[in-house]
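Raw structure21.txt, compact mmCIF, C-alpha atoms:
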# COMPACT_ATOMS: atom_id res chain seq x y z
CA MET C 24 6.59 120.12 -55.52
CA GLN C 25 7.04 121.93 -58.82
CA ARG C 26 6.55 125.70 -58.79
CA ARG C 27 3.78 125.38 -61.39
CA HIS C 28 1.84 122.94 -59.21
CA LEU C 29 2.31 125.07 -56.11
CA LEU C 30 1.04 128.18 -57.89
CA GLN C 31 -2.03 126.28 -59.11
CA ALA C 32 -2.73 125.06 -55.59
CA LEU C 33 -2.41 128.54 -54.12
CA ALA C 34 -4.73 129.99 -56.75
CA ALA C 35 -7.39 127.28 -56.52
CA SER C 36 -7.59 126.55 -52.81
CA PRO C 37 -7.92 128.53 -49.61
CA LEU C 38 -4.87 128.83 -47.42
CA ALA C 39 -6.06 127.51 -44.07
CA ILE C 40 -4.98 129.45 -41.01
CA SER C 41 -6.06 129.57 -37.40
CA GLY C 42 -9.56 131.02 -37.53
CA ALA C 43 -9.36 132.21 -41.14
CA ARG C 44 -8.84 131.17 -44.73
CA LEU C 45 -6.86 133.52 -46.92
CA PHE C 46 -7.24 134.18 -50.63
CA ALA C 47 -5.41 136.63 -52.88
CA ALA C 48 -6.87 138.46 -55.88
CA GLY C 49 -5.87 141.20 -58.27
CA ALA C 50 -2.60 142.12 -59.91
CA GLU C 51 -1.17 145.34 -58.48
CA GLN C 52 0.75 145.61 -55.23
CA ALA C 53 -0.07 148.57 -53.01
CA SER C 54 2.63 150.92 -51.81
CA GLY C 55 5.04 149.69 -49.18
CA ARG C 56 4.36 152.43 -46.67
CA SER C 57 3.62 151.41 -43.11
CA PRO C 58 -0.02 151.40 -41.95
CA THR C 59 -1.26 154.45 -40.06
CA PRO C 60 -1.19 153.95 -36.28
CA PRO C 61 -4.38 152.12 -35.17
CA MET C 62 -5.89 154.97 -33.15
CA THR C 63 -5.54 157.70 -35.76
CA ARG C 64 -7.15 156.43 -38.94
CA PRO C 65 -10.78 156.04 -40.04
CA ARG C 66 -12.28 152.61 -40.61
CA PHE C 67 -15.28 151.48 -42.65
CA LEU C 68 -17.07 148.11 -42.65
CA LEU C 69 -19.85 147.23 -45.10
CA VAL C 70 -22.33 144.58 -43.91
CA PHE C 71 -24.40 143.18 -46.78
CA LEU C 72 -27.68 141.41 -45.85
CA ARG C 73 -28.20 139.05 -48.77
CA GLY C 74 -31.80 138.13 -49.46
CA GLY C 75 -33.54 141.50 -49.29
CA TYR C 76 -34.52 141.99 -45.66
CA ASP C 77 -37.88 143.45 -44.61
CA ALA C 78 -36.83 146.98 -43.70
CA THR C 79 -40.42 147.99 -42.94
CA ASN C 80 -40.43 145.78 -39.86
CA LEU C 81 -36.97 146.94 -38.82
CA LEU C 82 -37.63 150.67 -38.88
CA ILE C 83 -41.36 150.69 -38.18
CA PRO C 84 -43.42 153.65 -39.45
CA THR C 85 -45.37 153.85 -36.21
CA GLY C 86 -46.89 157.19 -37.19
CA SER C 87 -48.56 155.66 -40.25
CA SER C 88 -52.01 154.10 -39.89
CA PHE C 89 -51.53 152.91 -43.49
CA TYR C 90 -48.76 150.57 -42.27
CA TYR C 91 -51.09 148.90 -39.79
CA GLU C 92 -53.83 148.58 -42.40
CA GLN C 93 -51.52 146.83 -44.86
CA ARG C 94 -49.89 144.46 -42.33
CA PRO C 95 -52.71 143.17 -40.13
CA ARG C 96 -50.86 139.99 -39.09
CA ILE C 97 -47.15 140.92 -39.03
CA ALA C 98 -47.10 144.58 -37.99
CA ILE C 99 -45.14 145.66 -34.91
CA ALA C 100 -47.31 147.47 -32.36
CA ARG C 101 -46.79 151.15 -31.60
CA PRO C 102 -44.45 151.87 -28.67
CA SER C 103 -45.95 151.04 -25.29
CA ALA C 104 -44.23 150.93 -21.93
CA ASN C 105 -46.49 148.02 -20.96
CA ASP C 106 -45.87 145.89 -24.06
CA PRO C 107 -42.37 144.38 -24.51
CA ALA C 108 -43.39 143.27 -28.01
CA SER C 109 -44.04 146.83 -29.16
CA ALA C 110 -41.71 149.01 -31.18
CA LEU C 111 -38.89 150.90 -29.47
CA ALA C 112 -39.61 154.61 -29.79
CA LEU C 113 -37.25 156.64 -32.00
CA ASN C 114 -39.36 159.71 -32.74
CA ALA C 115 -42.98 160.59 -33.51
CA ASP C 116 -42.87 158.80 -36.87
CA TRP C 117 -40.58 155.82 -36.43
CA GLY C 118 -39.85 152.94 -34.06
CA LEU C 119 -37.29 150.12 -33.95
CA HIS C 120 -37.93 146.38 -33.85
CA PRO C 121 -38.03 145.18 -30.21
CA ALA C 122 -35.55 142.36 -30.95
CA LEU C 123 -32.81 145.04 -30.92
CA LYS C 124 -33.60 146.38 -27.46
CA ALA C 125 -30.63 144.78 -25.71
CA SER C 126 -28.09 145.23 -28.52
CA LEU C 127 -28.50 148.25 -30.79
CA TYR C 128 -31.04 150.37 -28.93
CA PRO C 129 -28.40 151.47 -26.39
CA LEU C 130 -26.26 152.64 -29.33
CA VAL C 131 -29.25 154.58 -30.68
CA GLN C 132 -29.72 156.25 -27.31
CA ALA C 133 -26.00 157.11 -27.24
CA GLY C 134 -26.20 158.73 -30.69
CA GLN C 135 -24.10 155.95 -32.23
CA ALA C 136 -26.71 154.43 -34.56
CA ARG C 137 -28.79 156.02 -37.30
CA PHE C 138 -31.22 154.67 -39.88
CA LEU C 139 -31.77 155.83 -43.46
CA PRO C 140 -35.19 154.87 -44.86
CA PHE C 141 -36.06 155.08 -48.56
CA ALA C 142 -32.51 154.04 -49.44
CA GLY C 143 -31.31 151.82 -52.24
CA THR C 144 -30.46 151.62 -55.91
CA GLU C 145 -32.23 152.55 -59.12
CA ASP C 146 -32.02 148.92 -60.26
CA LEU C 147 -35.59 147.68 -60.77
CA SER C 148 -35.02 144.01 -61.58
CA ARG C 149 -36.13 142.76 -58.13
CA SER C 150 -33.77 139.86 -58.76
CA HIS C 151 -31.54 138.94 -55.80
CA PHE C 152 -28.48 138.20 -57.88
CA GLU C 153 -28.82 140.94 -60.46
CA THR C 154 -29.45 143.62 -57.85
CA GLN C 155 -26.67 142.37 -55.57
CA ASP C 156 -24.27 142.49 -58.52
CA SER C 157 -25.49 145.95 -59.49
CA ILE C 158 -24.92 147.31 -55.99
CA GLU C 159 -21.50 145.71 -55.57
CA LEU C 160 -20.33 147.04 -58.92
CA GLY C 161 -21.52 150.57 -58.11
CA GLN C 162 -21.59 151.43 -61.80
CA PRO C 163 -24.31 153.36 -63.65
CA VAL C 164 -27.39 151.20 -64.17
CA GLY C 165 -28.29 150.63 -67.82
CA GLY C 166 -24.78 150.89 -69.22
CA SER C 167 -22.24 148.18 -69.93
CA ARG C 168 -20.91 146.51 -66.79
CA ASP C 169 -17.34 145.71 -65.88
CA TYR C 170 -17.55 142.75 -63.51
CA ASN C 171 -13.88 143.19 -62.64
CA SER C 172 -14.41 146.60 -61.05
CA GLY C 173 -16.27 146.61 -57.71
CA PHE C 174 -16.78 149.88 -55.87
CA LEU C 175 -14.86 148.82 -52.75
CA ASN C 176 -11.85 147.92 -54.88
CA ARG C 177 -12.02 151.37 -56.43
CA LEU C 178 -12.25 152.86 -52.94
CA ALA C 179 -9.24 150.80 -51.85
CA ALA C 180 -7.32 152.26 -54.79
CA GLU C 181 -7.95 155.75 -53.39
CA LEU C 182 -6.93 154.70 -49.88
CA ASP C 183 -4.34 152.17 -48.73
CA ALA C 184 -5.11 148.78 -50.27
CA GLN C 185 -2.92 147.04 -47.72
CA GLN C 186 -5.51 147.93 -45.10
CA ALA C 187 -8.45 146.27 -46.93
CA LEU C 188 -9.76 142.80 -46.14
CA SER C 189 -12.92 140.93 -47.11
CA PHE C 190 -14.25 138.73 -44.30
CA THR C 191 -15.71 136.17 -46.71
CA ASP C 192 -14.90 132.72 -48.06
CA GLN C 193 -14.67 134.07 -51.60
CA LEU C 194 -13.79 137.54 -52.79
CA PRO C 195 -17.07 139.44 -53.37
CA ILE C 196 -17.77 141.42 -56.51
CA ALA C 197 -17.51 144.65 -54.50
CA PHE C 198 -13.78 143.97 -53.95
CA ARG C 199 -12.94 142.75 -57.46
CA GLY C 200 -10.51 144.86 -59.42
CA PRO C 201 -6.88 145.63 -60.18
CA VAL C 202 -5.96 146.31 -56.55
CA ARG C 203 -4.97 143.15 -54.70
CA ILE C 204 -7.42 142.45 -51.86
CA ALA C 205 -7.12 139.54 -49.43
CA ASN C 206 -10.15 137.74 -48.07
CA ALA C 207 -10.38 135.60 -44.96
CA GLY C 208 -13.36 133.34 -44.24
CA LEU C 209 -13.75 133.42 -40.47
CA ARG C 210 -16.33 130.69 -39.98
CA GLU C 211 -13.84 127.91 -39.40
CA THR C 212 -10.92 127.53 -37.04
CA ALA C 213 -8.17 125.31 -38.40
CA ARG C 214 -4.56 124.59 -37.63
CA PRO C 215 -2.07 126.47 -39.79
CA ALA C 216 -1.53 124.51 -43.02
CA VAL C 217 2.04 125.76 -43.47
CA ASP C 218 4.49 125.45 -40.59
CA ALA C 219 7.75 127.40 -40.32
CA LYS C 220 9.80 124.75 -42.10
CA ASN C 221 7.47 124.50 -45.09
CA ARG C 222 7.05 128.27 -45.17
CA ALA C 223 10.81 128.65 -45.56
CA LEU C 224 10.83 125.95 -48.23
CA ILE C 225 8.10 127.62 -50.25
CA ALA C 226 9.76 131.03 -49.93
CA SER C 227 13.09 129.60 -51.09
CA MET C 228 11.46 128.09 -54.18
CA TYR C 229 10.41 131.58 -55.29
CA GLN C 230 13.41 133.54 -54.08
CA GLY C 231 14.58 135.86 -56.83
CA GLN C 232 11.53 135.07 -58.98
CA ALA C 233 8.86 137.53 -60.10
CA LEU C 234 6.27 135.83 -57.87
CA GLY C 235 8.56 135.73 -54.85
CA ALA C 236 7.29 138.95 -53.29
CA THR C 237 3.67 137.94 -53.83
CA VAL C 238 4.12 134.51 -52.24
CA GLU C 239 6.05 135.98 -49.32
CA GLU C 240 3.38 138.62 -48.79
CA GLY C 241 0.61 136.04 -48.73
CA LEU C 242 2.44 133.84 -46.24
CA ALA C 243 3.24 136.82 -44.02
CA LEU C 244 -0.37 138.00 -44.05
CA ARG C 245 -1.58 134.53 -43.12
CA GLU C 246 0.80 134.45 -40.17
CA GLU C 247 -0.40 137.88 -39.09
CA LEU C 248 -4.04 136.76 -39.15
CA ALA C 249 -3.11 133.55 -37.34
CA ARG C 250 -1.58 135.60 -34.52
CA ASP C 251 -4.61 137.90 -34.33
CA LEU C 252 -6.98 134.93 -34.32
CA SER C 253 -4.99 132.55 -32.13
CA PRO C 254 -6.91 129.94 -30.09
CA ASP C 255 -6.27 131.90 -26.88
CA LYS C 256 -7.69 135.07 -28.38
CA MET C 257 -10.63 133.16 -29.83
CA LYS C 258 -11.38 131.70 -26.40
CA ALA C 259 -11.20 135.16 -24.84
CA MET C 260 -13.61 136.48 -27.46
CA THR C 261 -15.96 133.53 -26.90
CA ASP C 262 -15.95 134.21 -23.16
CA ALA C 263 -16.56 137.92 -23.73
CA ALA C 264 -19.43 137.24 -26.10
CA GLY C 265 -20.98 134.93 -23.51
CA ARG C 266 -21.55 137.68 -20.96
CA ASN C 267 -25.17 137.89 -22.08
CA ALA C 268 -27.69 135.24 -21.08
CA ILE C 269 -27.85 133.79 -24.60
CA PRO C 270 -24.57 132.04 -25.60
CA ALA C 271 -22.50 133.62 -28.35
CA LYS C 272 -23.14 132.02 -31.72
CA GLY C 273 -23.06 132.70 -35.43
CA PHE C 274 -22.52 136.27 -36.41
CA GLU C 275 -21.67 137.55 -32.95
CA LEU C 276 -18.48 135.50 -32.68
CA GLU C 277 -17.58 136.25 -36.28
CA ALA C 278 -18.16 139.95 -35.64
CA ARG C 279 -15.71 139.88 -32.73
CA ARG C 280 -13.12 138.31 -35.01
CA ILE C 281 -13.74 141.06 -37.56
CA ALA C 282 -13.32 143.72 -34.90
CA THR C 283 -10.05 142.15 -33.74
CA LEU C 284 -8.60 142.44 -37.24
CA MET C 285 -9.96 145.95 -37.86
CA ARG C 286 -8.54 147.09 -34.55
CA GLY C 287 -5.17 146.14 -36.04
CA ARG C 288 -4.06 147.19 -39.50
CA PHE C 289 -7.24 146.68 -41.52
CA SER C 290 -9.38 149.76 -42.12
CA LEU C 291 -11.70 148.72 -44.95
CA GLY C 292 -13.81 145.59 -44.69
CA PHE C 293 -16.77 143.67 -46.13
CA ILE C 294 -18.94 140.92 -44.66
CA ASP C 295 -22.19 139.41 -45.92
CA VAL C 296 -24.94 137.75 -43.89
CA GLY C 297 -27.58 135.56 -45.55
CA GLY C 298 -31.05 134.32 -44.68
CA TRP C 299 -33.27 137.39 -45.23
CA ASP C 300 -35.67 136.17 -47.94
CA THR C 301 -38.86 135.93 -45.85
CA HIS C 302 -41.69 135.02 -48.23
CA VAL C 303 -43.45 132.73 -45.75
CA ASN C 304 -44.17 133.02 -42.00
CA GLN C 305 -41.92 136.02 -41.52
CA GLY C 306 -43.31 136.76 -38.08
CA GLY C 307 -43.76 140.09 -36.33
CA ALA C 308 -42.34 140.92 -32.94
CA THR C 309 -41.25 137.28 -32.72
CA GLY C 310 -40.47 134.67 -35.35
CA GLN C 311 -37.80 134.05 -37.95
CA LEU C 312 -37.14 137.68 -38.90
CA ALA C 313 -37.04 138.77 -35.26
CA ASN C 314 -34.51 136.03 -34.54
CA ARG C 315 -32.30 137.22 -37.39
CA PHE C 316 -32.51 140.81 -36.14
CA GLU C 317 -31.50 139.71 -32.65
CA GLU C 318 -28.50 137.76 -33.92
CA LEU C 319 -27.40 140.56 -36.23
CA GLY C 320 -27.87 143.17 -33.51
CA ARG C 321 -25.74 141.20 -31.08
CA GLY C 322 -22.97 140.94 -33.65
CA LEU C 323 -23.00 144.63 -34.51
CA ALA C 324 -22.97 145.60 -30.85
CA ALA C 325 -20.08 143.17 -30.34
CA ILE C 326 -18.04 145.04 -32.95
CA ALA C 327 -18.40 148.27 -30.99
CA ASP C 328 -17.53 146.47 -27.77
CA GLU C 329 -14.52 144.64 -29.22
CA LEU C 330 -13.06 147.72 -30.90
CA GLY C 331 -13.20 149.78 -27.72
CA PRO C 332 -14.22 153.45 -27.41
CA GLU C 333 -11.16 155.01 -29.06
CA VAL C 334 -11.21 152.91 -32.24
CA TRP C 335 -15.02 152.87 -32.35
CA ARG C 336 -14.95 156.68 -32.62
CA GLU C 337 -12.97 156.28 -35.86
CA THR C 338 -15.22 153.55 -37.27
CA THR C 339 -18.43 153.52 -39.29
CA VAL C 340 -20.43 150.39 -40.09
CA MET C 341 -23.00 150.54 -42.90
CA VAL C 342 -25.63 147.77 -43.15
CA ILE C 343 -27.34 147.43 -46.53
CA SER C 344 -29.39 144.91 -48.52
CA GLU C 345 -30.07 144.51 -52.23
CA PHE C 346 -33.65 145.76 -51.83
CA GLY C 347 -36.48 146.08 -49.36
CA ARG C 348 -39.68 144.09 -49.47
CA THR C 349 -43.29 144.77 -50.35
CA PHE C 350 -45.02 147.22 -48.05
CA ARG C 351 -48.06 144.95 -47.87
CA GLU C 352 -47.84 141.50 -46.33
CA ASN C 353 -48.59 138.59 -48.66
CA GLY C 354 -51.03 135.70 -48.21
CA ASN C 355 -48.35 133.55 -46.52
CA ARG C 356 -47.73 135.95 -43.62
CA GLY C 357 -44.57 137.09 -45.32
CA THR C 358 -43.35 139.71 -47.79
CA ASP C 359 -42.09 139.61 -51.36
CA HIS C 360 -39.27 141.29 -53.28
CA GLY C 361 -39.51 145.07 -53.17
CA HIS C 362 -37.46 148.15 -53.95
CA GLY C 363 -36.47 150.80 -51.40
CA SER C 364 -34.87 149.68 -48.14
CA VAL C 365 -33.54 151.03 -44.84
CA TYR C 366 -29.78 151.31 -44.30
CA TRP C 367 -28.16 151.29 -40.88
CA LEU C 368 -25.17 153.43 -39.96
CA LEU C 369 -23.29 152.73 -36.74
CA GLY C 370 -20.21 154.38 -35.28
CA GLY C 371 -18.77 156.07 -32.25
CA GLY C 372 -18.15 159.31 -34.13
CA LEU C 373 -21.51 160.00 -35.73
CA ALA C 374 -22.53 163.63 -35.93
CA SER C 375 -25.29 164.89 -33.70
CA GLY C 376 -28.78 164.50 -35.09
CA GLY C 377 -31.86 162.36 -34.81
CA PRO C 378 -31.88 158.57 -35.18
CA VAL C 379 -33.48 158.75 -38.65
CA ALA C 380 -31.70 160.57 -41.49
CA GLY C 381 -32.01 161.26 -45.18
CA ASP C 382 -34.89 162.31 -47.41
CA GLN C 383 -38.26 160.96 -46.31
CA ILE C 384 -41.87 160.97 -47.45
CA ALA C 385 -45.22 160.28 -45.80
CA LEU C 386 -46.35 156.69 -46.38
CA THR C 387 -49.63 156.46 -48.24
CA ALA C 388 -50.96 154.36 -51.09
CA LYS C 389 -50.01 157.17 -53.50
CA SER C 390 -46.44 157.50 -52.23
CA LEU C 391 -45.58 153.81 -52.67
CA PHE C 392 -43.38 152.98 -55.64
CA GLN C 393 -45.47 151.18 -58.27
CA ASN C 394 -48.18 150.88 -55.60
CA ARG C 395 -46.19 148.24 -53.70
CA ASP C 396 -42.76 149.31 -52.40
CA TYR C 397 -40.76 152.00 -50.65
CA PRO C 398 -39.49 154.50 -53.21
CA VAL C 399 -35.75 155.16 -53.33
CA LEU C 400 -35.07 158.75 -52.29
CA ASN C 401 -31.50 158.20 -51.02
CA ASP C 402 -29.25 156.55 -53.60
CA TYR C 403 -26.68 154.37 -51.85
CA ARG C 404 -23.80 155.64 -53.99
CA ALA C 405 -24.61 159.25 -53.25
CA VAL C 406 -25.00 158.54 -49.53
CA LEU C 407 -21.73 156.58 -49.31
CA GLY C 408 -19.97 159.25 -51.37
CA GLY C 409 -21.04 161.96 -48.93
CA LEU C 410 -20.05 159.80 -45.96
CA TRP C 411 -16.60 159.00 -47.35
CA GLN C 412 -15.98 162.59 -48.32
CA ARG C 413 -16.26 163.45 -44.65
CA GLN C 414 -14.72 160.31 -43.15
CA PHE C 415 -11.78 159.80 -45.52
CA GLY C 416 -11.49 163.33 -46.91
CA LEU C 417 -11.90 162.12 -50.50
CA SER C 418 -12.01 164.78 -53.18
CA ASN C 419 -14.80 165.06 -55.75
CA ALA C 420 -12.42 163.67 -58.36
CA ALA C 421 -11.64 160.62 -56.19
CA LEU C 422 -15.33 160.01 -55.51
CA ALA C 423 -16.03 160.24 -59.24
CA ARG C 424 -13.58 157.38 -59.77
CA VAL C 425 -15.29 155.31 -57.07
CA PHE C 426 -18.86 156.09 -58.19
CA PRO C 427 -18.92 157.39 -61.76
CA ASP C 428 -21.65 159.89 -62.67
CA VAL C 429 -22.89 160.26 -59.09
CA GLN C 430 -23.14 163.46 -57.08
CA PRO C 431 -22.21 162.89 -53.39
CA LYS C 432 -25.06 163.48 -50.95
CA ASP C 433 -23.74 164.96 -47.73
CA LEU C 434 -26.17 164.01 -44.95
CA ARG C 435 -23.67 165.18 -42.30
CA LEU C 436 -23.57 161.69 -40.84
CA VAL C 437 -20.09 162.04 -39.28

Can I see the file as structure tokens?
Amino acid sequence: MQRRHLLQALAASPLAISGARLFAAGAEQASGRSPTPPMTRPRFLLVFLRGGYDATNLLIPTGSSFYYEQRPRIAIARPSANDPASALALNADWGLHPALKASLYPLVQAGQARFLPFAGTEDLSRSHFETQDSIELGQPVGGSRDYNSGFLNRLAAELDAQQALSFTDQLPIAFRGPVRIANAGLRETARPAVDAKNRALIASMYQGQALGATVEEGLALREELARDLSPDKMKAMTDAAGRNAIPAKGFELEARRIATLMRGRFSLGFIDVGGWDTHVNQGGATGQLANRFEELGRGLAAIADELGPEVWRETTVMVISEFGRTFRENGNRGTDHGHGSVYWLLGGGLASGGPVAGDQIALTAKSLFQNRDYPVLNDYRAVLGGLWQRQFGLSNAALARVFPDVQPKDLRLV
């Protein structure tokens, strides 16, 4: 095989490995220093719910009669010890969807989960793709956009890029940029495409060449992921995930794979989960949205379980979506594209405080944004900036490079 053809193949196609597919992106190589020991460094994972999930039925405003007036068919009942379909009590104003009782509610009770209502971006397009792009870029809305500069790539530049990995089939916009970031799609388990003999052959073809180090690095990383996601380890994770009555499936198994890699050398990660655009027959305590919450909750709880207490104390997981949905239900027993949302923050080292954080406002017809949506009181860039200032010790100058023209908002989350 000619070098030119090999390079084209590596650039255009995924490199199949056991349990992952590896891509490379970017131009600059991070420093060669060894990763920090696993137990002594902070970790951050961003979970992006693509489709604009209905945050109002996740974090239920149980103290608001206005909520029950506007959602006569899909509202979640106020907490009741005699009703398993009612909201799980958080405080006098808020409750949690009952589908999360077995997964995330124990983390809430342990002080390891917190919810931020009225969160989001100032983007007002209500377009899935435009708002997703806007969030992933993390650049000022209204100005010119650089689609080769995602905010997680800029964060990786301030940290150790060698410890960043996107758990996706293709590199997301959030990780685009000059720093090289690998991505590994974890949905398939395949045999390694390059055995030891061919690996040596490929390496020899590039020995002494400018691309030699890059090719060697990619092959080495693939072997590392293959070891971490070997069939034996995958079987062990499948067995562990099957301890509950419902068999492990979908996101739960993928989440355990993510945790396995983040327990090792990776400290900065991204994963997206689709299927949240519920215009029709959304359901209430049961139904399609409840099923998605249950699956997502199982996966997030599995991350905490797979990491173990020591690493979980160093880890934060932020769950976001491009926007929330309309406060009022529509004529199809669903909800439409909205504005403000509810973010989730999970971690074993969260600071003490109630289960609901950030700026809040009483929900009335007058307080709705444009008479239809949650307003945004907690800008995601400011919230993440305040979180990372505490978790990673980033300076104001570093945060300004990650999120230009944004003042960090310290909610004392960790």

Completion exercise
re atom CA of C:Ala112 and atom CA of C:Leu410: distance 25.9 Å

Practice task
Would you mind listing what lies within 6 Å of stretch 347-363 of chain C as a ChimeraX atom specification, with all atoms listed in the file counted and same-chain residues fewer than 6 positions away left out?
Solution key: /C:75-78,93-94,141-143,149,301-305,395-399

Handout entry: Coordinates-based distance that separates atom CA of C:Arg315 from atom CA of C:Val379 (Å, one decimal)
Key =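 Pair atom CA of C:Val379 / atom CA of C:Arg315 returns 21.6 Å.
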
Practice task
May I ask which of the residues C:Leu368, C:Leu284, C:Ala100, C:Ala115 is the closest one to C:Val131, counting only C-alpha atoms?
Solution key: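 Nearest to C:Val131: C:Leu368.
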
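Taking all atoms listed in the file into account, C:Thr309 lies nearest to C:Asn80 out of the set C:Thr283, C:Ser126, C:Thr154, C:Asn80.
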
Practice task
Would you work out the distance separating atom CA of C:Ser344 from atom CA of C:Tyr366, expressed in Å to one decimal?
Solution key: 7.7 Å

Problem - Nearest-residue call for C:Asp402, choices C:Ala308, C:Ile343, C:Ala104, C:Ala374, using all atoms listed in the file - result: C:Ile343

Render stretch 278-336 of chain C from the structure in the preceding block as a file of C-alpha atoms, as a PDB file, in the first residue's frame.
ATOM      1  CA  ALA C 278     -21.931   4.495  29.997  1.00  0.00           C
ATOM      2  CA  ARG C 279     -20.008   1.684  31.685  1.00  0.00           C
ATOM      3  CA  ARG C 280     -17.560   1.675  28.787  1.00  0.00           C
ATOM      4  CA  ILE C 281     -17.140   5.426  29.165  1.00  0.00           C
ATOM      5  CA  ALA C 282     -16.485   5.053  32.878  1.00  0.00           C
ATOM      6  CA  THR C 283     -13.890   2.354  32.213  1.00  0.00           C
ATOM      7  CA  LEU C 284     -11.918   4.712  29.972  1.00  0.00           C
ATOM      8  CA  MET C 285     -12.306   7.726  32.268  1.00  0.00           C
ATOM      9  CA  ARG C 286     -11.144   5.656  35.205  1.00  0.00           C
ATOM     10  CA  GLY C 287      -7.920   5.257  33.230  1.00  0.00           C
ATOM     11  CA  ARG C 288      -6.108   8.152  31.601  1.00  0.00           C
ATOM     12  CA  PHE C 289      -9.000  10.146  30.137  1.00  0.00           C
ATOM     13  CA  SER C 290     -10.243  13.092  32.193  1.00  0.00           C
ATOM     14  CA  LEU C 291     -12.309  15.115  29.730  1.00  0.00           C
ATOM     15  CA  GLY C 292     -15.119  13.514  27.761  1.00  0.00           C
ATOM     16  CA  PHE C 293     -18.209  14.140  25.624  1.00  0.00           C
ATOM     17  CA  ILE C 294     -21.160  11.904  24.759  1.00  0.00           C
ATOM     18  CA  ASP C 295     -24.454  12.728  23.063  1.00  0.00           C
ATOM     19  CA  VAL C 296     -27.780  10.932  23.422  1.00  0.00           C
ATOM     20  CA  GLY C 297     -30.605  11.459  20.910  1.00  0.00           C
ATOM     21  CA  GLY C 298     -34.355  10.957  20.862  1.00  0.00           C
ATOM     22  CA  TRP C 299     -35.678  13.881  22.944  1.00  0.00           C
ATOM     23  CA  ASP C 300     -37.893  15.726  20.438  1.00  0.00           C
ATOM     24  CA  THR C 301     -41.311  14.890  21.916  1.00  0.00           C
ATOM     25  CA  HIS C 302     -43.903  16.808  19.893  1.00  0.00           C
ATOM     26  CA  VAL C 303     -46.497  14.014  20.002  1.00  0.00           C
ATOM     27  CA  ASN C 304     -47.650  11.647  22.776  1.00  0.00           C
ATOM     28  CA  GLN C 305     -44.849  12.592  25.133  1.00  0.00           C
ATOM     29  CA  GLY C 306     -46.496  10.912  28.093  1.00  0.00           C
ATOM     30  CA  GLY C 307     -46.395  11.848  31.755  1.00  0.00           C
ATOM     31  CA  ALA C 308     -45.316   9.515  34.521  1.00  0.00           C
ATOM     32  CA  THR C 309     -45.163   6.774  31.884  1.00  0.00           C
ATOM     33  CA  GLY C 310     -44.663   6.850  28.135  1.00  0.00           C
ATOM     34  CA  GLN C 311     -41.869   7.654  25.711  1.00  0.00           C
ATOM     35  CA  LEU C 312     -40.238  10.457  27.710  1.00  0.00           C
ATOM     36  CA  ALA C 313     -40.403   8.460  30.938  1.00  0.00           C
ATOM     37  CA  ASN C 314     -38.722   5.542  29.178  1.00  0.00           C
ATOM     38  CA  ARG C 315     -35.915   7.791  27.984  1.00  0.00           C
ATOM     39  CA  PHE C 316     -35.443   9.194  31.484  1.00  0.00           C
ATOM     40  CA  GLU C 317     -35.231   5.688  32.922  1.00  0.00           C
ATOM     41  CA  GLU C 318     -32.627   4.594  30.379  1.00  0.00           C
ATOM     42  CA  LEU C 319     -30.574   7.748  30.817  1.00  0.00           C
ATOM     43  CA  GLY C 320     -30.802   7.536  34.604  1.00  0.00           C
ATOM     44  CA  ARG C 321     -29.566   3.952  34.590  1.00  0.00           C
ATOM     45  CA  GLY C 322     -26.603   4.933  32.453  1.00  0.00           C
ATOM     46  CA  LEU C 323     -25.630   7.896  34.606  1.00  0.00           C
ATOM     47  CA  ALA C 324     -25.900   5.827  37.776  1.00  0.00           C
ATOM     48  CA  ALA C 325     -23.766   3.159  36.079  1.00  0.00           C
ATOM     49  CA  ILE C 326     -20.988   5.706  35.545  1.00  0.00           C
ATOM     50  CA  ALA C 327     -20.854   6.400  39.273  1.00  0.00           C
ATOM     51  CA  ASP C 328     -20.902   2.688  40.024  1.00  0.00           C
ATOM     52  CA  GLU C 329     -18.240   1.798  37.451  1.00  0.00           C
ATOM     53  CA  LEU C 330     -15.861   4.579  38.484  1.00  0.00           C
ATOM     54  CA  GLY C 331     -15.965   3.590  42.137  1.00  0.00           C
ATOM     55  CA  PRO C 332     -16.117   5.949  45.150  1.00  0.00           C
ATOM     56  CA  GLU C 333     -12.573   7.321  44.948  1.00  0.00           C
ATOM     57  CA  VAL C 334     -12.664   8.336  41.271  1.00  0.00           C
ATOM     58  CA  TRP C 335     -16.324   9.401  41.493  1.00  0.00           C
ATOM     59  CA  ARG C 336     -15.315  11.977  44.117  1.00  0.00           C
TER      60      ARG C 336
END
